[in-house]
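Text of final-v9.pdb, listed as PDB, C-alpha atoms:
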```pdb
ATOM      1  CA  MET A   1     -10.376 -12.832   6.980
ATOM      2  CA  LYS A   2     -11.980 -11.985  10.316
ATOM      3  CA  ILE A   3     -13.530  -8.536  10.461
ATOM      4  CA  PRO A   4     -12.218  -6.522  13.419
ATOM      5  CA  LYS A   5     -14.843  -5.297  15.878
ATOM      6  CA  TYR A   6     -12.604  -2.266  16.408
ATOM      7  CA  ILE A   7      -9.049  -1.072  15.910
ATOM      8  CA  GLU A   8      -6.766   0.231  18.632
ATOM      9  CA  PHE A   9      -4.170   2.919  18.046
ATOM     10  CA  HIS A  10      -1.407   2.468  20.634
ATOM     11  CA  ASN A  11       1.061   4.996  22.064
ATOM     12  CA  GLU A  12      -0.054   7.991  20.038
ATOM     13  CA  THR A  13       0.222   6.246  16.671
ATOM     14  CA  ASN A  14      -3.043   8.024  15.815
ATOM     15  CA  TYR A  15      -1.323  11.377  16.416
ATOM     16  CA  VAL A  16       1.686  10.360  14.291
ATOM     17  CA  LEU A  17      -0.622   9.220  11.479
ATOM     18  CA  SER A  18      -2.804  12.353  11.563
ATOM     19  CA  ARG A  19       0.201  14.706  11.540
ATOM     20  CA  PHE A  20       1.942  12.877   8.701
ATOM     21  CA  LEU A  21      -1.183  12.818   6.531
ATOM     22  CA  LYS A  22      -1.876  16.483   7.261
ATOM     23  CA  ALA A  23       1.686  17.414   6.262
ATOM     24  CA  ALA A  24       1.036  16.142   2.712
ATOM     25  CA  GLU A  25      -1.650  18.777   2.026
ATOM     26  CA  PRO A  26      -2.842  19.874  -0.454
ATOM     27  CA  ASP A  27      -2.054  16.369  -1.760
ATOM     28  CA  GLU A  28      -3.420  13.163  -0.302
ATOM     29  CA  GLY A  29      -0.991  11.604   2.138
ATOM     30  CA  CYS A  30      -0.639   7.857   2.609
ATOM     31  CA  ALA A  31       0.759   5.432   5.154
ATOM     32  CA  ILE A  32       0.768   1.769   6.094
ATOM     33  CA  LEU A  33      -0.498   0.656   9.506
ATOM     34  CA  ILE A  34       1.481  -2.127  11.170
ATOM     35  CA  GLY A  35       0.569  -4.160  14.236
ATOM     36  CA  GLN A  36      -1.205  -7.308  15.327
ATOM     37  CA  LYS A  37      -4.554  -8.945  14.631
ATOM     38  CA  LYS A  38      -6.092 -10.178  17.855
ATOM     39  CA  THR A  39      -8.782 -12.762  17.172
ATOM     40  CA  SER A  40     -10.998 -15.014  19.205
ATOM     41  CA  ILE A  41     -12.695 -18.095  17.805
ATOM     42  CA  THR A  42     -15.408 -17.994  20.470
ATOM     43  CA  ASP A  43     -16.151 -14.271  20.883
ATOM     44  CA  VAL A  44     -16.364 -11.934  17.865
ATOM     45  CA  LYS A  45     -16.235  -8.922  20.230
ATOM     46  CA  LYS A  46     -12.635  -9.855  20.999
ATOM     47  CA  ASN A  47     -11.572  -9.540  17.350
ATOM     48  CA  PHE A  48      -9.591  -6.330  17.088
ATOM     49  CA  TRP A  49      -6.546  -4.978  15.315
ATOM     50  CA  LYS A  50      -3.805  -3.311  17.319
ATOM     51  CA  VAL A  51      -1.952  -0.522  15.461
ATOM     52  CA  MET A  52       1.558  -0.253  16.869
ATOM     53  CA  HIS A  53       3.572   1.418  14.123
ATOM     54  CA  ILE A  54       2.943   3.885  11.284
ATOM     55  CA  TRP A  55       5.000   3.421   8.115
ATOM     56  CA  ASN A  56       5.006   6.788   6.357
ATOM     57  CA  CYS A  57       4.776   6.380   2.591
ATOM     58  CA  ARG A  58       5.343   8.435  -0.509
ATOM     59  CA  ASN A  59       2.389   9.196  -2.774
ATOM     60  CA  VAL A  60       3.701   8.386  -6.260
ATOM     61  CA  TRP A  61       0.448   9.114  -8.085
ATOM     62  CA  GLY A  62       1.295  10.537 -11.517
ATOM     63  CA  GLU A  63       5.049  10.084 -11.077
ATOM     64  CA  PRO A  64       7.218   7.765 -13.212
ATOM     65  CA  GLU A  65       7.055   5.080 -10.466
ATOM     66  CA  SER A  66       3.244   4.982 -10.662
ATOM     67  CA  PHE A  67       1.687   1.724 -11.786
ATOM     68  CA  LEU A  68      -1.914   2.956 -11.688
ATOM     69  CA  ILE A  69      -1.995   6.233 -13.624
ATOM     70  CA  ASP A  70      -2.418   4.629 -17.066
ATOM     71  CA  GLN A  71      -5.033   2.259 -15.680
ATOM     72  CA  ASN A  72      -6.933   5.159 -14.091
ATOM     73  CA  ILE A  73      -6.905   7.209 -17.268
ATOM     74  CA  LYS A  74      -8.444   4.296 -19.205
ATOM     75  CA  VAL A  75     -11.046   3.459 -16.558
ATOM     76  CA  PHE A  76     -12.196   7.036 -15.943
ATOM     77  CA  ALA A  77     -11.602   8.512 -19.421
ATOM     78  CA  ASN A  78     -15.303   9.106 -20.127
ATOM     79  CA  GLN A  79     -15.883  11.072 -16.904
ATOM     80  CA  LYS A  80     -15.021  14.678 -17.720
ATOM     81  CA  THR A  81     -15.631  15.874 -14.154
ATOM     82  CA  LEU A  82     -13.110  13.427 -12.725
ATOM     83  CA  GLN A  83      -9.586  14.787 -12.893
ATOM     84  CA  PRO A  84      -7.538  12.412 -10.750
ATOM     85  CA  SER A  85      -4.478  14.089  -9.288
ATOM     86  CA  LYS A  86      -2.442  13.837  -6.078
ATOM     87  CA  ASN A  87      -5.061  16.137  -4.538
ATOM     88  CA  THR A  88      -7.746  13.477  -5.001
ATOM     89  CA  ARG A  89      -5.840  10.215  -5.377
ATOM     90  CA  PHE A  90      -2.930   8.344  -3.840
ATOM     91  CA  GLU A  91      -0.712   5.460  -4.767
ATOM     92  CA  ILE A  92       1.761   4.071  -2.268
ATOM     93  CA  ASP A  93       5.264   3.627  -3.621
ATOM     94  CA  ALA A  94       5.908  -0.096  -4.216
ATOM     95  CA  LYS A  95       9.244   0.274  -2.389
ATOM     96  CA  ASP A  96       7.337   1.372   0.724
ATOM     97  CA  HIS A  97       5.063  -1.693   0.474
ATOM     98  CA  ILE A  98       8.023  -4.052   0.268
ATOM     99  CA  ALA A  99      10.039  -2.344   3.005
ATOM    100  CA  SER A 100       7.066  -2.242   5.414
ATOM    101  CA  GLN A 101       6.314  -5.933   4.864
ATOM    102  CA  LYS A 102       9.942  -6.886   5.452
ATOM    103  CA  TRP A 103      10.190  -4.732   8.599
ATOM    104  CA  SER A 104       6.904  -6.146   9.916
ATOM    105  CA  ARG A 105       8.072  -9.754   9.521
ATOM    106  CA  GLU A 106      11.418  -8.966  11.187
ATOM    107  CA  ASN A 107       9.549  -7.505  14.184
ATOM    108  CA  ASP A 108       6.879 -10.227  14.494
ATOM    109  CA  LEU A 109       4.165  -7.831  13.328
ATOM    110  CA  GLU A 110       2.055  -7.606  10.196
ATOM    111  CA  VAL A 111       0.798  -5.025   7.752
ATOM    112  CA  LEU A 112      -2.800  -4.340   8.760
ATOM    113  CA  CYS A 113      -3.977  -1.852   6.155
ATOM    114  CA  CYS A 114      -3.309   1.404   4.372
ATOM    115  CA  ALA A 115      -4.375   4.842   5.479
ATOM    116  CA  HIS A 116      -4.735   8.022   3.461
ATOM    117  CA  SER A 117      -6.111  11.527   3.719
ATOM    118  CA  HIS A 118      -8.914  13.438   2.080
ATOM    119  CA  PRO A 119      -7.610  17.004   2.441
ATOM    120  CA  SER A 120     -10.649  18.583   0.797
ATOM    121  CA  SER A 121     -13.487  16.167   1.557
ATOM    122  CA  GLU A 122     -14.986  14.004   4.278
ATOM    123  CA  ASN A 123     -13.155  10.974   5.648
ATOM    124  CA  LYS A 124     -15.424   8.478   3.925
ATOM    125  CA  PRO A 125     -14.354   6.127   1.086
ATOM    126  CA  SER A 126     -14.759   7.743  -2.327
ATOM    127  CA  LYS A 127     -15.807   5.862  -5.458
ATOM    128  CA  ILE A 128     -12.172   5.830  -6.558
ATOM    129  CA  ASP A 129     -11.076   4.486  -3.139
ATOM    130  CA  LEU A 130     -13.606   1.665  -3.408
ATOM    131  CA  PHE A 131     -12.709   0.898  -7.009
ATOM    132  CA  PHE A 132      -9.012   0.362  -6.288
ATOM    133  CA  HIS A 133      -9.231  -1.148  -2.787
ATOM    134  CA  GLN A 134      -8.315  -4.811  -2.368
ATOM    135  CA  SER A 135     -11.522  -6.152  -0.819
ATOM    136  CA  PRO A 136     -12.248  -7.300   1.759
ATOM    137  CA  GLY A 137     -10.124  -5.200   4.051
ATOM    138  CA  LEU A 138      -9.735  -2.210   6.306
ATOM    139  CA  MET A 139      -9.215   1.397   5.205
ATOM    140  CA  VAL A 140      -8.415   4.353   7.488
ATOM    141  CA  ILE A 141      -9.064   7.881   6.222
ATOM    142  CA  SER A 142      -8.193  11.265   7.705
ATOM    143  CA  ASN A 143     -10.067  14.479   6.868
ATOM    144  CA  LYS A 144      -8.672  18.028   6.627
ATOM    145  CA  ASP A 145      -8.852  18.361  10.434
ATOM    146  CA  GLY A 146      -6.834  15.190  11.016
ATOM    147  CA  ASP A 147      -9.826  13.224  12.325
ATOM    148  CA  LEU A 148      -9.526   9.513  11.616
ATOM    149  CA  LYS A 149     -12.271   7.084  10.601
ATOM    150  CA  ALA A 150     -11.905   3.390   9.876
ATOM    151  CA  TRP A 151     -13.945   1.498   7.292
ATOM    152  CA  TRP A 152     -14.354  -2.192   6.538
ATOM    153  CA  ILE A 153     -14.589  -2.528   2.769
ATOM    154  CA  LYS A 154     -16.525  -5.674   1.922
ATOM    155  CA  ASN A 155     -16.513  -5.058  -1.840
ATOM    156  CA  LYS A 156     -16.641  -2.203  -4.374
ATOM    157  CA  PHE A 157     -20.168  -1.231  -3.238
ATOM    158  CA  ASP A 158     -20.502  -2.297   0.395
ATOM    159  CA  PHE A 159     -18.646  -0.855   3.390
ATOM    160  CA  HIS A 160     -19.304   0.059   7.021
ATOM    161  CA  SER A 161     -17.537   1.952   9.789
ATOM    162  CA  VAL A 162     -15.252   0.280  12.316
ATOM    163  CA  LYS A 163     -14.839   1.744  15.795
ATOM    164  CA  ILE A 164     -11.481   3.265  16.710
ATOM    165  CA  LYS A 165     -10.015   3.186  20.236
ATOM    166  CA  PHE A 166      -6.995   5.154  21.408
ATOM    167  CA  ILE A 167      -4.755   3.442  23.970
ATOM    168  CA  SER A 168      -1.942   5.293  25.731
ATOM    169  CA  LEU A 169       0.485   3.889  28.291
ATOM    170  CA  THR A 170       1.142   7.337  29.779
TER     171      THR A 170
END
```
Represent the structure of the file as structure tokens.
Amino acid sequence: MKIPKYIEFHNETNYVLSRFLKAAEPDEGCAILIGQKKTSITDVKKNFWKVMHIWNCRNVWGEPESFLIDQNIKVFANQKTLQPSKNTRFEIDAKDHIASQKWSRENDLEVLCCAHSHPSSENKPSKIDLFFHQSPGLMVISNKDGDLKAWWIKNKFDFHSVKIKFISLT
């Protein structure tokens, strides 16, 4: 997978994403970013991902539809300070994953990555985010103020920031 040099949010998709994630407070909000991967074989600076649509998702962490809650309890059982809840963890509803993939294919687009919020901490990947992220890949995180940051997650221990550009046709 080619690492994007930057990601572009088109036509106020950044605003839509920030507002949706903020609306989930005090819980973590989550969404899927849909668009196009623009790549160049000859110039790595021309590798970028174009976000064109935000697929709002439901955080099912701890609900009957959750697939991860039992796994999380086992993995983090010996850490008394870690109390995973919707305030500190998210899980996208599997129905949202399937629907967004189907819609993307029907519209000649692709699922780029997931985004989520950290309503009570900085917009940097947490240990839990890194543990459950499918590496390598992109992650976008919003903080309590709605500010977005993008991160390329190489593996469970290595990540770096990815520049964000905002493109508006108006």
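The two atoms in question, atom CA of A:Ser142 and atom CA of A:Pro119, are spaced 7.8 Å apart.
The nearest approach to A:Thr13 among the residues A:Phe166, A:Lys144, A:Ile128, A:His118, with all atoms listed in the file taken into account, belongs to A:Phe166.
Once the PyMOL selection byres ((chain A and resi 39) around 12) is applied to this file, the selection holds A:Met1, A:Lys2, A:Ile3, A:Pro4, A:Lys5, A:Tyr6, A:Ile7, A:Gln36, A:Lys37, A:Lys38, A:Ser40, A:Ile41, A:Thr42, A:Asp43, A:Val44, A:Lys45, A:Lys46, A:Asn47, A:Phe48, A:Trp49, A:Lys50.
This file, queried with the PyMOL selection byres ((chain A and resi 29) around 9), gives the residues Phe20, Leu21, Lys22, Ala23, Ala24, Glu25, Pro26, Asp27, Glu28, Cys30, Ala31, Asn56, Cys57, Arg58, Asn59, Lys86, Phe90, Ala115, His116, Ser117, His118 and Pro119 of chain A.
Note that the spacing between atom CA of A:Ser66 and atom CA of A:Ile54 amounts to 22.0 Å.
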- Distance criterion (only C-alpha atoms): nearest to A:Glu12 out of A:His53, A:Lys127, A:Pro136, A:Arg105: A:His53
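Residue nearest A:Met139, chosen from A:Glu110, A:Asn87, A:Leu33, A:Pro64 and counting all atoms listed in the file: A:Leu33.
Reported to one decimal place, the separation of atom CA of A:Ala99 from atom CA of A:His10 is 21.6 Å.
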- Task: Go through A:His133, A:His97, A:Lys124, A:Lys149 and flag the residue nearest A:Leu17, using all atoms listed in the file for the distances.
- Result: A:Lys149
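Residue nearest A:Leu130 within the list A:Gly146, A:Phe157, A:Asn107, A:Leu112: A:Phe157 [criterion: smallest interatomic distance, all atoms listed in the file].
Using all atoms listed in the file, the nearest neighbour of A:Gln101 within the list A:Ser126, A:Ala150, A:Asp145, A:Ile32 is A:Ile32.
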Taking the structure in the block just given, could you write stretch 78-120 of chain A with N, CA and C atoms, as a short mmCIF file (atom, residue, chain, number, x, y, z; two decimals), in the first residue's frame?
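The result, written out as result20.cif:
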```cif
data_model
loop_
_atom_site.label_atom_id
_atom_site.label_comp_id
_atom_site.auth_asym_id
_atom_site.auth_seq_id
_atom_site.Cartn_x
_atom_site.Cartn_y
_atom_site.Cartn_z
N ASN A 78 -5.70 -7.22 33.10
CA ASN A 78 -4.75 -6.98 34.19
C ASN A 78 -4.40 -5.50 34.38
N GLN A 79 -5.01 -4.62 33.63
CA GLN A 79 -4.73 -3.19 33.76
C GLN A 79 -5.90 -2.51 34.46
N LYS A 80 -5.77 -2.36 35.78
CA LYS A 80 -6.86 -1.81 36.58
C LYS A 80 -7.22 -0.38 36.20
N THR A 81 -6.26 0.39 35.72
CA THR A 81 -6.52 1.79 35.39
C THR A 81 -7.27 1.93 34.07
N LEU A 82 -7.27 0.90 33.26
CA LEU A 82 -7.92 0.97 31.96
C LEU A 82 -9.35 0.47 32.07
N GLN A 83 -10.28 1.35 31.91
CA GLN A 83 -11.70 1.01 31.94
C GLN A 83 -12.31 1.37 30.59
N PRO A 84 -12.11 0.52 29.59
CA PRO A 84 -12.64 0.87 28.27
C PRO A 84 -14.16 1.05 28.29
N SER A 85 -14.60 2.15 27.74
CA SER A 85 -16.02 2.45 27.60
C SER A 85 -16.18 3.25 26.31
N LYS A 86 -17.41 3.60 25.97
CA LYS A 86 -17.65 4.42 24.77
C LYS A 86 -16.97 5.79 24.88
N ASN A 87 -16.63 6.21 26.10
CA ASN A 87 -15.94 7.48 26.27
C ASN A 87 -14.48 7.40 25.83
N THR A 88 -13.93 6.19 25.80
CA THR A 88 -12.51 6.02 25.49
C THR A 88 -12.26 5.00 24.39
N ARG A 89 -13.30 4.47 23.80
CA ARG A 89 -13.15 3.41 22.80
C ARG A 89 -14.30 3.47 21.81
N PHE A 90 -14.04 3.03 20.60
CA PHE A 90 -15.10 2.95 19.60
C PHE A 90 -15.00 1.63 18.85
N GLU A 91 -16.13 1.22 18.34
CA GLU A 91 -16.20 0.09 17.43
C GLU A 91 -17.28 0.41 16.41
N ILE A 92 -16.91 0.43 15.16
CA ILE A 92 -17.87 0.74 14.10
C ILE A 92 -18.77 -0.46 13.88
N ASP A 93 -20.05 -0.19 13.80
CA ASP A 93 -21.05 -1.22 13.54
C ASP A 93 -20.70 -1.93 12.22
N ALA A 94 -20.68 -3.25 12.25
CA ALA A 94 -20.35 -4.04 11.05
C ALA A 94 -21.29 -3.71 9.88
N LYS A 95 -22.54 -3.38 10.19
CA LYS A 95 -23.50 -3.01 9.13
C LYS A 95 -23.04 -1.74 8.42
N ASP A 96 -22.45 -0.81 9.17
CA ASP A 96 -21.94 0.42 8.56
C ASP A 96 -20.75 0.12 7.65
N HIS A 97 -19.87 -0.80 8.08
CA HIS A 97 -18.74 -1.20 7.23
C HIS A 97 -19.23 -1.75 5.90
N ILE A 98 -20.16 -2.67 5.96
CA ILE A 98 -20.66 -3.32 4.76
C ILE A 98 -21.38 -2.32 3.85
N ALA A 99 -22.25 -1.51 4.43
CA ALA A 99 -23.00 -0.54 3.64
C ALA A 99 -22.07 0.49 2.97
N SER A 100 -21.05 0.95 3.69
CA SER A 100 -20.13 1.94 3.12
C SER A 100 -19.30 1.34 1.99
N GLN A 101 -18.90 0.09 2.14
CA GLN A 101 -18.14 -0.57 1.06
C GLN A 101 -19.01 -0.75 -0.18
N LYS A 102 -20.24 -1.16 0.02
CA LYS A 102 -21.15 -1.35 -1.11
C LYS A 102 -21.41 -0.02 -1.82
N TRP A 103 -21.72 1.04 -1.05
CA TRP A 103 -21.98 2.35 -1.62
C TRP A 103 -20.75 2.87 -2.38
N SER A 104 -19.58 2.67 -1.79
CA SER A 104 -18.34 3.13 -2.43
C SER A 104 -18.15 2.47 -3.80
N ARG A 105 -18.31 1.16 -3.85
CA ARG A 105 -18.16 0.44 -5.13
C ARG A 105 -19.17 0.93 -6.16
N GLU A 106 -20.42 1.13 -5.74
CA GLU A 106 -21.47 1.59 -6.65
C GLU A 106 -21.19 2.98 -7.20
N ASN A 107 -20.38 3.77 -6.50
CA ASN A 107 -20.08 5.14 -6.90
C ASN A 107 -18.64 5.32 -7.36
N ASP A 108 -17.99 4.22 -7.72
CA ASP A 108 -16.60 4.24 -8.21
C ASP A 108 -15.65 4.95 -7.25
N LEU A 109 -15.86 4.73 -5.97
CA LEU A 109 -14.99 5.27 -4.92
C LEU A 109 -14.51 4.11 -4.06
N GLU A 110 -13.72 4.41 -3.05
CA GLU A 110 -13.28 3.36 -2.15
C GLU A 110 -13.21 3.86 -0.71
N VAL A 111 -13.33 2.92 0.21
CA VAL A 111 -13.16 3.24 1.62
C VAL A 111 -11.69 3.52 1.83
N LEU A 112 -11.38 4.70 2.38
CA LEU A 112 -10.00 5.10 2.60
C LEU A 112 -9.51 4.72 4.00
N CYS A 113 -10.33 5.05 5.00
CA CYS A 113 -9.93 4.78 6.37
C CYS A 113 -11.09 5.09 7.32
N CYS A 114 -10.84 4.89 8.58
CA CYS A 114 -11.82 5.23 9.61
C CYS A 114 -11.34 6.49 10.33
N ALA A 115 -12.29 7.20 10.88
CA ALA A 115 -11.99 8.36 11.71
C ALA A 115 -12.74 8.20 13.03
N HIS A 116 -12.21 8.78 14.07
CA HIS A 116 -12.90 8.77 15.36
C HIS A 116 -12.48 9.98 16.18
N SER A 117 -13.15 10.17 17.29
CA SER A 117 -12.86 11.33 18.13
C SER A 117 -12.25 10.90 19.45
N HIS A 118 -11.51 11.83 20.03
CA HIS A 118 -11.01 11.72 21.39
C HIS A 118 -11.60 12.91 22.15
N PRO A 119 -12.81 12.76 22.69
CA PRO A 119 -13.48 13.90 23.31
C PRO A 119 -12.82 14.44 24.57
N SER A 120 -11.93 13.65 25.18
CA SER A 120 -11.30 14.13 26.41
C SER A 120 -9.79 14.03 26.37
#
```
